[in-house]
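Take a look at the structure set out below.
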Amino acid sequence: MKKMVFIVKDYNYEKFMMATILGTTGAAMEIEMHFFCTFWGLFILKKKSKPKVRNIPWRGIPMPTNWMATRVFRKRMKKYGIEDPWAIIKDAVEDGKMKLYPCTTTMELMGIKVGDLRDICEDPIGAAGFLEICEDADAVISL
Amino acid sequence: MKKMVFIVKDYNYEKFMMATILGTTGAAMEIEMHFFCTFWGLFILKKKSKPKVRNIPWRGIPMPTNWMATRVFRKRMKKYGIEDPWAIIKDAVEDGKMKLYPCTTTMELMGIKVGDLRDICEDPIGAAGFLEICEDADAVISL
Amino acid sequence: MKKMVFIVKDYNYEKFMMATILGTTGAAMEIEMHFFCTFWGLFILKKKSKPKVRNIPWRGIPMPTNWMATRVFRKRMKKYGIEDPWAIIKDAVEDGKMKLYPCTTTMELMGIKVGDLRDICEDPIGAAGFLEICEDADAVISL
């Protein structure tokens, strides 16, 4: 396993955590980890993005709202050693092993500019650019 | 990259657009693009299917309903050059580079007949048929 | 196709059925089928788990609730020959061709113990363990 490509298409805490943990773990294992952020997933790359837990599979538990569930998870993640996801992502990006690609089509459709996105992103790419990145990937996964 | 296989399992505008853009872009790049439409994703293949935006990740924005958001996206897609998704899909299918497979199990479970589906579909296949298509694929992605 | 790896990240009937049908069909075709159950997907592995249908793509149909839709699907699955999903999964697991991995990170975050999970699970693994399993896989798919 030398190169993995991920599609991130949703804006929620669950997907962001999966991208954070898989991306930084893979990078530490010297695997190239590429993330193509498209549709709602592009919003994760916006400055000040704060995705909330979305897919709680039950009701009537002591976590009544997505907002509260998100707080609970953030606290537990802190205990688990992930205080600031963007700090560890930044390290992996600066080490050159994790790459975050904004989707040009989504940017045009949603009116999002490069300046709205975090500094650590690569240049935006479209569907053709994404398919080119997949070319020599060992796995392509849509989170 | 010569052959990609996709699982389409949801019925919403987002997944339909991803299938449309990836499918037709890949086909234009001479990649075989296979789409296995199962569970709710089968409904995309029905005649007169009109999937709506489903996963809006926020509330209180000027797009109060899924229905309105779908209209907004359709208009922007038009501007972007995709006036009729099914027209460009049909071109890619007729060129032989894009293939749409209905899932037999879903058809039986949901009481859907071949006659209910668009003409450009391949013959329905089940899980075993899907796994056979994956055999020589360079990537298998569940959208 | 000798080995496929799946990420199961949601707790709902749809994903459970996909895992059941793909897993047991693949195992019968002598493909190693590995399932990494993370985030809400871990709950599928709990004893007495009963995932409900979640992603009904429309409203105003004669299946008003997720609970009713689940009953309808269970009945139809029975007719289709899948009376007890866990029975056929157990067969595939005992044949050594299907493997279910609980995610350690999720277990710690959610306070779930090995004793809470079904007996047929493998030892829990984390992100690094998952990436190692992917190493020689022919396909990695996030359901």
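Quick note on naming: the chains in the structure tokens go A, B, ... in the order shown, residues restart at 1 in each chain, and ligands are numbered from 1 in order of appearance.
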What are the DSSP alpha helix (DSSP H) residues of chain A, as JSON, numbers by chain? {"A": [13, 14, 15, 16, 17, 18, 19, 20, 21, 22, 23, 24, 25, 26, 27, 28, 66, 67, 68, 69, 70, 71, 72, 73, 74, 75, 76, 77, 78, 79, 80, 85, 86, 87, 88, 89, 90, 91, 92, 93, 94, 104, 105, 106, 107, 108, 109, 110, 127, 128, 129, 130, 131, 132, 133, 134]}
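Residues in contact range of Val53 of chain B, defined as at most 12 Å between only C-alpha atoms, with sequence neighbours fewer than 3 positions away removed, read A:Phe39, A:Trp40, B:Asp10, B:Tyr11, B:Asn12, B:Tyr13, B:Glu14, B:Lys15, B:Phe16, B:Met17, B:Lys50, B:Ile56, B:Pro57, B:Met63, B:Pro64, B:Thr65, B:Asn66, B:Trp67, B:Met68, B:Ala69, B:Thr70, B:Arg71, B:Val72, B:Phe73, B:Arg74, C:Pro57, C:Trp58.
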Interface residues on chain B facing chain A, 9 Å, only C-alpha atoms, written as an MDAnalysis selection string: chainID B and resid 1:2 14 18 21:22 25:26 29 55:57 73 76:77 80 138:143
From a DSSP pass on the backbone, collect the residues of chain C flagged as strand (DSSP E or B) and hand them back as JSON, numbers by chain. {"C": [3, 4, 5, 6, 7, 8, 32, 33, 34, 35, 36, 37, 46, 98, 99, 100, 101, 102, 103, 117, 125, 139, 140, 141, 142]}
Measure the distance from atom CA of Asp123 of chain A to atom CA of Lys3 of chain B in Å and round it to one decimal. 26.3 Å
Quick one: everything within 10 Å of Lys97 of chain A, counting only C-alpha atoms, minus sequence neighbours fewer than 3 positions away in the same chain. Send it as JSON, numbers by chain. {"A": [3, 23, 24, 26, 27, 28, 29, 30, 31, 32, 33, 34, 91, 92, 93, 94]}
One decimal, Å: what's the distance from atom CA of Arg118 of chain A over to atom CA of Phe36 of chain A, could you say?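 Rounded to one decimal, the two atoms are 14.3 Å apart.
Across the structure, atom CA of Gly115 of chain C and atom CA of Lys48 of chain C are spaced 12.4 Å apart.
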